[in-house]
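A.B. asks: This structure is in structure tokens; I'll ask about it shortly.
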Amino acid sequence: MNRLPLQAVLFDMDGTLVDTERLWWEAVEQVAGRALTEEDRPEVLGRPVEYTAAWLAASTGTVAADLAETLHREFADRVRSGIVPRPGALALLDALAREGVPTALVTASPRAVADTVLDALGADRFAVSVTADDTPHTKPAPDPYLAACRALGVDPAVCVAVEDTETGVASAEAAGCAVLAVPSLAPIEAAPGRTVRASLEGVTVDRLRSLLPYRLRVMTWNLWYGGTKVRDHRAKQLKVIAETDVDVVGLQETYGGAAGELAEALGWHHHSAGPNLGIISRLPITAVLGDSDVGFYGAAGARIAVGDQEVEIWTAHLDAEHYGPYESEPLAHEEVRTGQMRDILRRIPGGTPVVLVGDFNSPSHLDRPDVEWPVTRAAEEAGFADSFREARPDAVRDPGHTWSPVHAHPEPQDRIDFVLHRGLRVLHSRTYVSGTPRTWPDVEDNDWPSDHAAVITTFSLGSGPRTV
């Protein structure tokens, strides 16, 4: 099973890379004129200077801007004379540099203070630095981490943020990063997607990679009479599965044996149901779901193990008669397909993340606002999101047609094959057709052995809470 690739590591500064939380605490005490207590921690740790200045102003009556200036000066003086790298910080930065993993400094401190620290650590250790001066909102808002990811050209989902405060953790998690928390002065609880360690000592690049979510790449594919309209269809099907690097395929029109034969050739797991439906998976299948004797139309499901989690995959095929765009009354037959969809949705329990794929033989209400297509609307009302439209919301720019690469104009071109989900995060989604298929009836030598395009969506599955 693949985890997402580590594209960057984003480091907080104060208390994470350098032992400045103590210096900041001392600076605030100096300006406040009193010793700070546990009750003061939420107003001091991980906060920008302006926030703490405003908090002090409320209790002292001093102008917040004047307090901020004094705090800046007191803290910067202490940094210049007393900066100390945190245990393991420099060794981890050096290891990331050796493996070519980009790093960013993401801090709620102002640029002047950050540059002082960068001079001490070595500014060339970081490809990007983001400070309180660089975004409209700083921590705990996600803006600083999102800005760092944009500057690096990476997705937050494939980054690890290293933080030492609850405020910083909240910022990184809101941006969508996996988090390694290394508390400095205040404890941090483990949580989903968050690992807690006492120190950076002994943290390796491989350890950071292990914190990223699992990748789950799901494809829906109508095989078109099992693929038999195309010469050497089985070899071509296997080539498609290999070149798309998918983890699970929900199949329609298997014509009995396709799921088993494909799985055997790949060394994968499979579930076949009725004459038409199947699921093949490189991941273990822990349970089969639905009616194994389902007819030509309907749905079948399987529960698969993804790391230490489970996900349900359902494949569906809805009635093909009286396709709406063919009809003078487009919704005349949709009640049949909608009834089938509602029956499928009733069979899918809540609680476990679910992917529902299939050939619905109906356009989407998200693509054609002039017609309220009820099949996809029923799925949406049941809590399912359309992964393709989630990743590509502009239906004009990205129509995503799956019907049909071999039935050309004047045949309607529509998106009728879907990868829906409930409880997962979409990283990417696309349609897929290999080669340039010739149109019907000259199809037997096509590289693409189907009359539908496939849809492939890559999901991320978050890690569980860990304390090490």
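Residues are named by chain letter and number: chains run A, B, ... in the order of the structure tokens, numbers start at 1 in each chain, and ligands are numbered from 1 in the order shown.
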Counting only C-alpha atoms, what are the residues of range 356-417 of chain A within 12 Å of range 272-279 of chain A, and for each of them which pair of atoms is the nearest and at what distance in Å, to one decimal? Sort the table by chain and rising number, as CSV.

C.D. replies:
residue,atom,partner,partner_atom,distance
A:Leu356,CA,A:Ile279,CA,11.4
A:Val357,CA,A:Ile279,CA,10.3
A:Gly358,CA,A:Leu277,CA,9.6
A:Asp359,CA,A:Leu277,CA,10.8

A.B. asks: Need to verify the contact set: range 349-353 of chain A, 8 Å, only C-alpha atoms, exclusion of same-chain residues closer than 5 positions in sequence. Can you return it as an MDAnalysis selection string?

C.D. replies: chainID A and resid 310:312 421:424

A.B. asks: With only C-alpha atoms as the counted atoms, please give the residues lying no more than 6 Å from range 18-33 of chain A, apart from itself and same-chain residues fewer than 6 positions off, as a list in words.

C.D. replies: Glu74, Phe75, Val84, Pro85 and Arg86 of chain A

A.B. asks: Which value, in Å to one decimal, gives the distance between CA of Arg337 in chain A and CA of Arg389 in chain A?

C.D. replies: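 Between these atoms lies a distance of 21.0 Å.
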
A.B. asks: For Glu335 in chain A, which of A:Ser362, A:Gln309, A:Thr138, A:Ser281 is the closest residue, counting only C-alpha atoms?

C.D. replies: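 Answer, going by the shortest atom-to-atom distance: A:Ser362.
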
A.B. asks: So which residues touch range 89-104 of chain A within 9 Å, counting only C-alpha atoms, skipping near sequence neighbours fewer than 4 positions away, as an mmCIF file with N, CA, C and O atoms, in the first residue's frame?

C.D. replies:
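File part.cif, as written:
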data_model
loop_
_atom_site.group_PDB
_atom_site.id
_atom_site.type_symbol
_atom_site.label_atom_id
_atom_site.label_comp_id
_atom_site.auth_asym_id
_atom_site.auth_seq_id
_atom_site.Cartn_x
_atom_site.Cartn_y
_atom_site.Cartn_z
ATOM 1 N N LEU A 6 6.289 12.327 0.219
ATOM 2 C CA LEU A 6 6.635 13.511 0.991
ATOM 3 C C LEU A 6 7.214 14.572 0.054
ATOM 4 O O LEU A 6 8.287 14.399 -0.515
ATOM 5 N N GLN A 7 6.504 15.692 -0.103
ATOM 6 C CA GLN A 7 6.955 16.736 -1.019
ATOM 7 C C GLN A 7 7.662 17.884 -0.316
ATOM 8 O O GLN A 7 8.449 18.592 -0.934
ATOM 9 N N ALA A 8 7.376 18.106 0.969
ATOM 10 C CA ALA A 8 8.042 19.184 1.693
ATOM 11 C C ALA A 8 7.809 19.015 3.187
ATOM 12 O O ALA A 8 6.841 18.373 3.607
ATOM 13 N N VAL A 9 8.692 19.603 3.982
ATOM 14 C CA VAL A 9 8.528 19.658 5.437
ATOM 15 C C VAL A 9 8.532 21.124 5.840
ATOM 16 O O VAL A 9 9.420 21.895 5.437
ATOM 17 N N LEU A 10 7.538 21.516 6.610
ATOM 18 C CA LEU A 10 7.302 22.908 6.967
ATOM 19 C C LEU A 10 7.524 23.062 8.469
ATOM 20 O O LEU A 10 6.820 22.447 9.265
ATOM 21 N N PHE A 11 8.495 23.861 8.839
ATOM 22 C CA PHE A 11 8.894 23.976 10.239
ATOM 23 C C PHE A 11 8.419 25.286 10.855
ATOM 24 O O PHE A 11 8.663 26.378 10.300
ATOM 25 N N ASP A 12 7.771 25.173 11.996
ATOM 26 C CA ASP A 12 7.636 26.339 12.865
ATOM 27 C C ASP A 12 9.027 26.729 13.362
ATOM 28 O O ASP A 12 9.961 25.912 13.334
ATOM 29 N N THR A 16 10.360 25.209 18.156
ATOM 30 C CA THR A 16 10.438 23.998 17.343
ATOM 31 C C THR A 16 11.859 23.787 16.835
ATOM 32 O O THR A 16 12.467 22.741 17.059
ATOM 33 N N LEU A 17 12.376 24.768 16.117
ATOM 34 C CA LEU A 17 13.751 24.685 15.611
ATOM 35 C C LEU A 17 14.750 25.313 16.566
ATOM 36 O O LEU A 17 15.888 24.855 16.662
ATOM 37 N N VAL A 18 14.317 26.367 17.221
ATOM 38 C CA VAL A 18 15.203 27.062 18.155
ATOM 39 C C VAL A 18 14.472 27.256 19.473
ATOM 40 O O VAL A 18 13.250 27.367 19.511
ATOM 41 N N PRO A 85 19.628 26.052 19.053
ATOM 42 C CA PRO A 85 18.824 25.102 18.278
ATOM 43 C C PRO A 85 18.239 24.020 19.191
ATOM 44 O O PRO A 85 18.881 23.574 20.140
ATOM 45 N N LEU A 121 20.699 30.104 11.946
ATOM 46 C CA LEU A 121 20.536 28.713 11.501
ATOM 47 C C LEU A 121 21.167 28.464 10.138
ATOM 48 O O LEU A 121 21.581 27.343 9.832
ATOM 49 N N ARG A 125 19.201 26.901 4.406
ATOM 50 C CA ARG A 125 18.563 25.622 4.769
ATOM 51 C C ARG A 125 17.098 25.584 4.327
ATOM 52 O O ARG A 125 16.487 24.510 4.305
ATOM 53 N N PHE A 126 16.518 26.750 4.009
ATOM 54 C CA PHE A 126 15.086 26.826 3.727
ATOM 55 C C PHE A 126 14.848 27.399 2.335
ATOM 56 O O PHE A 126 15.422 28.423 1.967
ATOM 57 N N ALA A 127 13.978 26.736 1.587
ATOM 58 C CA ALA A 127 13.623 27.241 0.261
ATOM 59 C C ALA A 127 12.693 28.440 0.364
ATOM 60 O O ALA A 127 12.676 29.305 -0.519
ATOM 61 N N VAL A 128 11.891 28.489 1.439
ATOM 62 C CA VAL A 128 10.854 29.508 1.606
ATOM 63 C C VAL A 128 10.774 29.860 3.079
ATOM 64 O O VAL A 128 10.988 28.989 3.936
ATOM 65 N N SER A 129 10.477 31.123 3.373
ATOM 66 C CA SER A 129 10.136 31.500 4.744
ATOM 67 C C SER A 129 8.888 32.378 4.719
ATOM 68 O O SER A 129 8.763 33.263 3.871
ATOM 69 N N VAL A 130 7.971 32.085 5.633
ATOM 70 C CA VAL A 130 6.720 32.839 5.751
ATOM 71 C C VAL A 130 6.620 33.340 7.185
ATOM 72 O O VAL A 130 6.715 32.545 8.135
ATOM 73 N N ALA A 148 3.090 28.980 2.325
ATOM 74 C CA ALA A 148 4.336 28.239 2.134
ATOM 75 C C ALA A 148 4.172 27.162 1.071
ATOM 76 O O ALA A 148 5.045 26.969 0.221
ATOM 77 N N CYS A 149 3.040 26.461 1.098
ATOM 78 C CA CYS A 149 2.804 25.409 0.092
ATOM 79 C C CYS A 149 2.689 25.996 -1.303
ATOM 80 O O CYS A 149 3.216 25.432 -2.270
ATOM 81 N N LEU A 152 6.112 26.827 -2.553
ATOM 82 C CA LEU A 152 6.882 25.627 -2.903
ATOM 83 C C LEU A 152 6.267 24.862 -4.065
ATOM 84 O O LEU A 152 6.912 23.977 -4.632
ATOM 85 N N SER A 199 10.752 14.994 21.303
ATOM 86 C CA SER A 199 11.912 15.716 20.776
ATOM 87 C C SER A 199 12.095 15.373 19.301
ATOM 88 O O SER A 199 11.566 14.368 18.802
ATOM 89 N N LEU A 200 12.850 16.197 18.592
ATOM 90 C CA LEU A 200 13.227 15.896 17.209
ATOM 91 C C LEU A 200 14.427 14.953 17.140
ATOM 92 O O LEU A 200 14.783 14.498 16.047
ATOM 93 N N GLU A 201 15.039 14.659 18.248
ATOM 94 C CA GLU A 201 16.163 13.739 18.243
ATOM 95 C C GLU A 201 15.714 12.363 17.746
ATOM 96 O O GLU A 201 14.721 11.818 18.215
ATOM 97 N N GLY A 202 16.459 11.824 16.789
ATOM 98 C CA GLY A 202 16.130 10.505 16.253
ATOM 99 C C GLY A 202 15.071 10.510 15.173
ATOM 100 O O GLY A 202 14.762 9.456 14.612
ATOM 101 N N VAL A 203 14.492 11.668 14.850
ATOM 102 C CA VAL A 203 13.497 11.736 13.768
ATOM 103 C C VAL A 203 14.226 11.668 12.428
ATOM 104 O O VAL A 203 15.132 12.463 12.161
ATOM 105 N N THR A 204 13.837 10.729 11.596
ATOM 106 C CA THR A 204 14.459 10.544 10.288
ATOM 107 C C THR A 204 13.507 10.995 9.189
ATOM 108 O O THR A 204 12.313 11.197 9.415
ATOM 109 N N VAL A 205 14.017 11.098 7.978
ATOM 110 C CA VAL A 205 13.171 11.444 6.838
ATOM 111 C C VAL A 205 12.140 10.352 6.602
ATOM 112 O O VAL A 205 10.973 10.638 6.310
#

A.B. asks: Among range 175-208 of chain A, which residues does DSSP mark as strand (DSSP E or B) when it is run on the backbone? Keep the chain and numbering as in the structure and answer as a PyMOL selection string.

C.D. replies: chain A and resi 178-181+191+194-196

A.B. asks: Limited to N, CA and C atoms, could you put the picked residues into a file as a PDB file, in the first residue's frame?

C.D. replies:
ATOM      1  N   ALA A 178      -0.213  16.963   7.427  1.00  0.00           N
ATOM      2  CA  ALA A 178       0.057  16.053   8.536  1.00  0.00           C
ATOM      3  C   ALA A 178       0.965  16.797   9.511  1.00  0.00           C
ATOM      4  N   VAL A 179       0.854  16.467  10.800  1.00  0.00           N
ATOM      5  CA  VAL A 179       1.574  17.238  11.812  1.00  0.00           C
ATOM      6  C   VAL A 179       2.414  16.332  12.698  1.00  0.00           C
ATOM      7  N   LEU A 180       3.653  16.738  12.894  1.00  0.00           N
ATOM      8  CA  LEU A 180       4.499  16.188  13.941  1.00  0.00           C
ATOM      9  C   LEU A 180       4.603  17.254  15.027  1.00  0.00           C
ATOM     10  N   ALA A 181       4.028  16.985  16.184  1.00  0.00           N
ATOM     11  CA  ALA A 181       4.051  17.935  17.289  1.00  0.00           C
ATOM     12  C   ALA A 181       5.164  17.563  18.255  1.00  0.00           C
ATOM     13  N   ALA A 191      -3.854  13.203  18.005  1.00  0.00           N
ATOM     14  CA  ALA A 191      -5.155  13.276  17.339  1.00  0.00           C
ATOM     15  C   ALA A 191      -4.999  12.700  15.940  1.00  0.00           C
ATOM     16  N   ARG A 194      -2.081  13.513  13.524  1.00  0.00           N
ATOM     17  CA  ARG A 194      -1.109  14.227  14.358  1.00  0.00           C
ATOM     18  C   ARG A 194      -0.324  13.232  15.198  1.00  0.00           C
ATOM     19  N   THR A 195       0.994  13.305  15.097  1.00  0.00           N
ATOM     20  CA  THR A 195       1.884  12.473  15.892  1.00  0.00           C
ATOM     21  C   THR A 195       2.628  13.360  16.882  1.00  0.00           C
ATOM     22  N   VAL A 196       2.754  12.894  18.110  1.00  0.00           N
ATOM     23  CA  VAL A 196       3.412  13.681  19.151  1.00  0.00           C
ATOM     24  C   VAL A 196       4.693  12.966  19.578  1.00  0.00           C
TER      25      VAL A 196
END

A.B. asks: Run DSSP on the backbone and grab whatever in range 58-164 of chain A lands in helix (DSSP H, G or I); send it over as a PyMOL selection string.

C.D. replies: chain A and resi 58-60+64-82+89-98+111-121+123-125+143-152+156-158

A.B. asks: Can you work out the spacing between CA of Thr220 in chain A and CA of Arg377 in chain A in Å, to one decimal?

C.D. replies: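 Atom-to-atom, CA of Thr220 in chain A to CA of Arg377 in chain A, that is 19.3 Å.
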
A.B. asks: Residues within 9 Å of Val455 in chain A, please, as a list in words. Count only C-alpha atoms; anything in the same chain fewer than 4 positions from it doesn't count.

C.D. replies: Val218, Met219, Thr220, Trp221, Val357, Phe388, Gly400, Thr402, Asp417, Phe418, Val419, Ser429, Arg430, Thr431 and Tyr432 of chain A

A.B. asks: Selected residues, N, CA, C and O atoms, written as a PDB file, in the first residue's frame, please.

C.D. replies:
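Once everything was written out, this is again-v7.pdb:
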ATOM      1  N   VAL A 218      -8.856   5.053  -6.978  1.00  0.00           N
ATOM      2  CA  VAL A 218     -10.020   4.241  -7.345  1.00  0.00           C
ATOM      3  C   VAL A 218     -10.437   4.574  -8.774  1.00  0.00           C
ATOM      4  O   VAL A 218     -10.520   5.749  -9.154  1.00  0.00           O
ATOM      5  N   MET A 219     -10.727   3.522  -9.543  1.00  0.00           N
ATOM      6  CA  MET A 219     -11.195   3.703 -10.914  1.00  0.00           C
ATOM      7  C   MET A 219     -12.554   3.040 -11.090  1.00  0.00           C
ATOM      8  O   MET A 219     -12.801   1.958 -10.545  1.00  0.00           O
ATOM      9  N   THR A 220     -13.432   3.691 -11.842  1.00  0.00           N
ATOM     10  CA  THR A 220     -14.648   3.046 -12.299  1.00  0.00           C
ATOM     11  C   THR A 220     -14.523   2.806 -13.794  1.00  0.00           C
ATOM     12  O   THR A 220     -14.033   3.676 -14.531  1.00  0.00           O
ATOM     13  N   TRP A 221     -14.956   1.595 -14.228  1.00  0.00           N
ATOM     14  CA  TRP A 221     -14.739   1.223 -15.628  1.00  0.00           C
ATOM     15  C   TRP A 221     -15.825   0.267 -16.100  1.00  0.00           C
ATOM     16  O   TRP A 221     -15.961  -0.838 -15.577  1.00  0.00           O
ATOM     17  N   VAL A 357     -18.908   3.883  -6.984  1.00  0.00           N
ATOM     18  CA  VAL A 357     -18.563   4.145  -8.376  1.00  0.00           C
ATOM     19  C   VAL A 357     -19.586   3.488  -9.279  1.00  0.00           C
ATOM     20  O   VAL A 357     -20.345   2.616  -8.855  1.00  0.00           O
ATOM     21  N   PHE A 388     -15.077  13.958  -9.017  1.00  0.00           N
ATOM     22  CA  PHE A 388     -14.594  14.640 -10.217  1.00  0.00           C
ATOM     23  C   PHE A 388     -14.955  16.117 -10.168  1.00  0.00           C
ATOM     24  O   PHE A 388     -14.111  16.983 -10.421  1.00  0.00           O
ATOM     25  N   GLY A 400     -15.585  16.472 -18.568  1.00  0.00           N
ATOM     26  CA  GLY A 400     -15.394  15.125 -18.036  1.00  0.00           C
ATOM     27  C   GLY A 400     -16.244  14.064 -18.692  1.00  0.00           C
ATOM     28  O   GLY A 400     -16.634  13.087 -18.051  1.00  0.00           O
ATOM     29  N   THR A 402     -17.686  10.903 -20.244  1.00  0.00           N
ATOM     30  CA  THR A 402     -17.310   9.488 -20.267  1.00  0.00           C
ATOM     31  C   THR A 402     -18.097   8.719 -21.317  1.00  0.00           C
ATOM     32  O   THR A 402     -17.706   7.611 -21.686  1.00  0.00           O
ATOM     33  N   ASP A 417     -20.451   8.306 -15.861  1.00  0.00           N
ATOM     34  CA  ASP A 417     -19.692   7.388 -15.001  1.00  0.00           C
ATOM     35  C   ASP A 417     -19.104   8.216 -13.862  1.00  0.00           C
ATOM     36  O   ASP A 417     -18.506   9.271 -14.099  1.00  0.00           O
ATOM     37  N   PHE A 418     -19.220   7.710 -12.639  1.00  0.00           N
ATOM     38  CA  PHE A 418     -18.936   8.541 -11.476  1.00  0.00           C
ATOM     39  C   PHE A 418     -18.113   7.802 -10.428  1.00  0.00           C
ATOM     40  O   PHE A 418     -18.215   6.584 -10.277  1.00  0.00           O
ATOM     41  N   VAL A 419     -17.304   8.586  -9.701  1.00  0.00           N
ATOM     42  CA  VAL A 419     -16.643   8.129  -8.475  1.00  0.00           C
ATOM     43  C   VAL A 419     -17.124   9.065  -7.370  1.00  0.00           C
ATOM     44  O   VAL A 419     -16.652  10.199  -7.250  1.00  0.00           O
ATOM     45  N   SER A 429      -8.700  14.054  -9.612  1.00  0.00           N
ATOM     46  CA  SER A 429      -9.638  13.193 -10.343  1.00  0.00           C
ATOM     47  C   SER A 429      -9.537  13.517 -11.826  1.00  0.00           C
ATOM     48  O   SER A 429      -9.333  14.675 -12.214  1.00  0.00           O
ATOM     49  N   ARG A 430      -9.677  12.487 -12.654  1.00  0.00           N
ATOM     50  CA  ARG A 430      -9.583  12.674 -14.099  1.00  0.00           C
ATOM     51  C   ARG A 430     -10.343  11.573 -14.811  1.00  0.00           C
ATOM     52  O   ARG A 430     -10.626  10.516 -14.246  1.00  0.00           O
ATOM     53  N   THR A 431     -10.665  11.815 -16.067  1.00  0.00           N
ATOM     54  CA  THR A 431     -11.141  10.745 -16.936  1.00  0.00           C
ATOM     55  C   THR A 431      -9.925  10.154 -17.647  1.00  0.00           C
ATOM     56  O   THR A 431      -8.869  10.790 -17.745  1.00  0.00           O
ATOM     57  N   TYR A 432     -10.107   8.929 -18.160  1.00  0.00           N
ATOM     58  CA  TYR A 432      -8.958   8.276 -18.787  1.00  0.00           C
ATOM     59  C   TYR A 432      -9.409   7.435 -19.970  1.00  0.00           C
ATOM     60  O   TYR A 432     -10.345   6.620 -19.868  1.00  0.00           O
TER      61      TYR A 432
END

A.B. asks: Suppose you want the space between CA of Leu146 in chain A and CA of Trp55 in chain A; what is it in Å?

C.D. replies: 26.6 Å

A.B. asks: Residues at most 12 Å from Gly290 in chain A, counting only C-alpha atoms, excluding those fewer than 2 positions away in the same chain, as number ranges by chain?

C.D. replies: A: 271-274, 277-278, 287-288, 292-295, 298-303, 312-316, 343-349

A.B. asks: For Thr338 in chain A, which of A:Ser171, A:Val355, A:Thr436, A:Ala379 is the closest residue, counting only C-alpha atoms?

C.D. replies: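 Closest residue, counting only C-alpha atoms: A:Ala379.
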
A.B. asks: As an mmCIF file with N, CA, C and O atoms, in the first residue's frame, please: the residues near range 327-334 of chain A (cut-off 8 Å, only C-alpha atoms, same-chain neighbours under 2 positions excluded).

C.D. replies:
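Result file is out39.cif:
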data_model
loop_
_atom_site.group_PDB
_atom_site.id
_atom_site.type_symbol
_atom_site.label_atom_id
_atom_site.label_comp_id
_atom_site.auth_asym_id
_atom_site.auth_seq_id
_atom_site.Cartn_x
_atom_site.Cartn_y
_atom_site.Cartn_z
ATOM 1 N N GLU A 321 -32.028 1.700 -20.323
ATOM 2 C CA GLU A 321 -33.130 1.980 -21.253
ATOM 3 C C GLU A 321 -33.553 3.442 -21.173
ATOM 4 O O GLU A 321 -33.519 4.063 -20.115
ATOM 5 N N HIS A 322 -33.966 3.974 -22.327
ATOM 6 C CA HIS A 322 -34.520 5.327 -22.401
ATOM 7 C C HIS A 322 -33.574 6.358 -21.779
ATOM 8 O O HIS A 322 -33.932 7.099 -20.868
ATOM 9 N N TYR A 323 -32.363 6.364 -22.287
ATOM 10 C CA TYR A 323 -31.356 7.314 -21.817
ATOM 11 C C TYR A 323 -31.898 8.728 -21.983
ATOM 12 O O TYR A 323 -32.330 9.131 -23.068
ATOM 13 N N GLY A 324 -31.851 9.518 -20.905
ATOM 14 C CA GLY A 324 -32.517 10.807 -20.863
ATOM 15 C C GLY A 324 -32.250 11.727 -22.030
ATOM 16 O O GLY A 324 -33.190 12.275 -22.626
ATOM 17 N N PRO A 325 -30.974 11.955 -22.402
ATOM 18 C CA PRO A 325 -30.710 12.862 -23.521
ATOM 19 C C PRO A 325 -31.267 12.379 -24.862
ATOM 20 O O PRO A 325 -31.330 13.176 -25.814
ATOM 21 N N VAL A 336 -36.968 5.222 -12.788
ATOM 22 C CA VAL A 336 -36.475 3.843 -12.675
ATOM 23 C C VAL A 336 -35.045 3.860 -12.128
ATOM 24 O O VAL A 336 -34.716 3.156 -11.170
ATOM 25 N N ARG A 337 -34.177 4.662 -12.739
ATOM 26 C CA ARG A 337 -32.793 4.735 -12.273
ATOM 27 C C ARG A 337 -32.701 5.336 -10.868
ATOM 28 O O ARG A 337 -31.881 4.906 -10.052
ATOM 29 N N THR A 338 -33.555 6.317 -10.603
ATOM 30 C CA THR A 338 -33.529 6.927 -9.265
ATOM 31 C C THR A 338 -33.955 5.919 -8.210
ATOM 32 O O THR A 338 -33.374 5.863 -7.111
ATOM 33 N N SER A 362 -26.978 8.179 -16.559
ATOM 34 C CA SER A 362 -27.711 9.428 -16.360
ATOM 35 C C SER A 362 -26.706 10.556 -16.207
ATOM 36 O O SER A 362 -25.691 10.384 -15.519
ATOM 37 N N TRP A 373 -31.395 16.475 -12.890
ATOM 38 C CA TRP A 373 -31.194 15.045 -12.992
ATOM 39 C C TRP A 373 -31.250 14.418 -11.591
ATOM 40 O O TRP A 373 -30.426 14.740 -10.726
ATOM 41 N N PRO A 374 -32.196 13.526 -11.339
ATOM 42 C CA PRO A 374 -32.465 13.103 -9.963
ATOM 43 C C PRO A 374 -31.540 12.019 -9.423
ATOM 44 O O PRO A 374 -31.455 11.843 -8.210
ATOM 45 N N VAL A 375 -30.852 11.254 -10.279
ATOM 46 C CA VAL A 375 -30.028 10.147 -9.789
ATOM 47 C C VAL A 375 -28.850 10.690 -8.966
ATOM 48 O O VAL A 375 -28.613 10.272 -7.829
#

A.B. asks: Please determine, counting only C-alpha atoms, which residue among A:Leu71, A:Val49, A:Leu262, A:Ala65 has the shortest atom-to-atom distance to Lys139 in chain A.

C.D. replies: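 Under the stated criterion, the closest residue is A:Val49.
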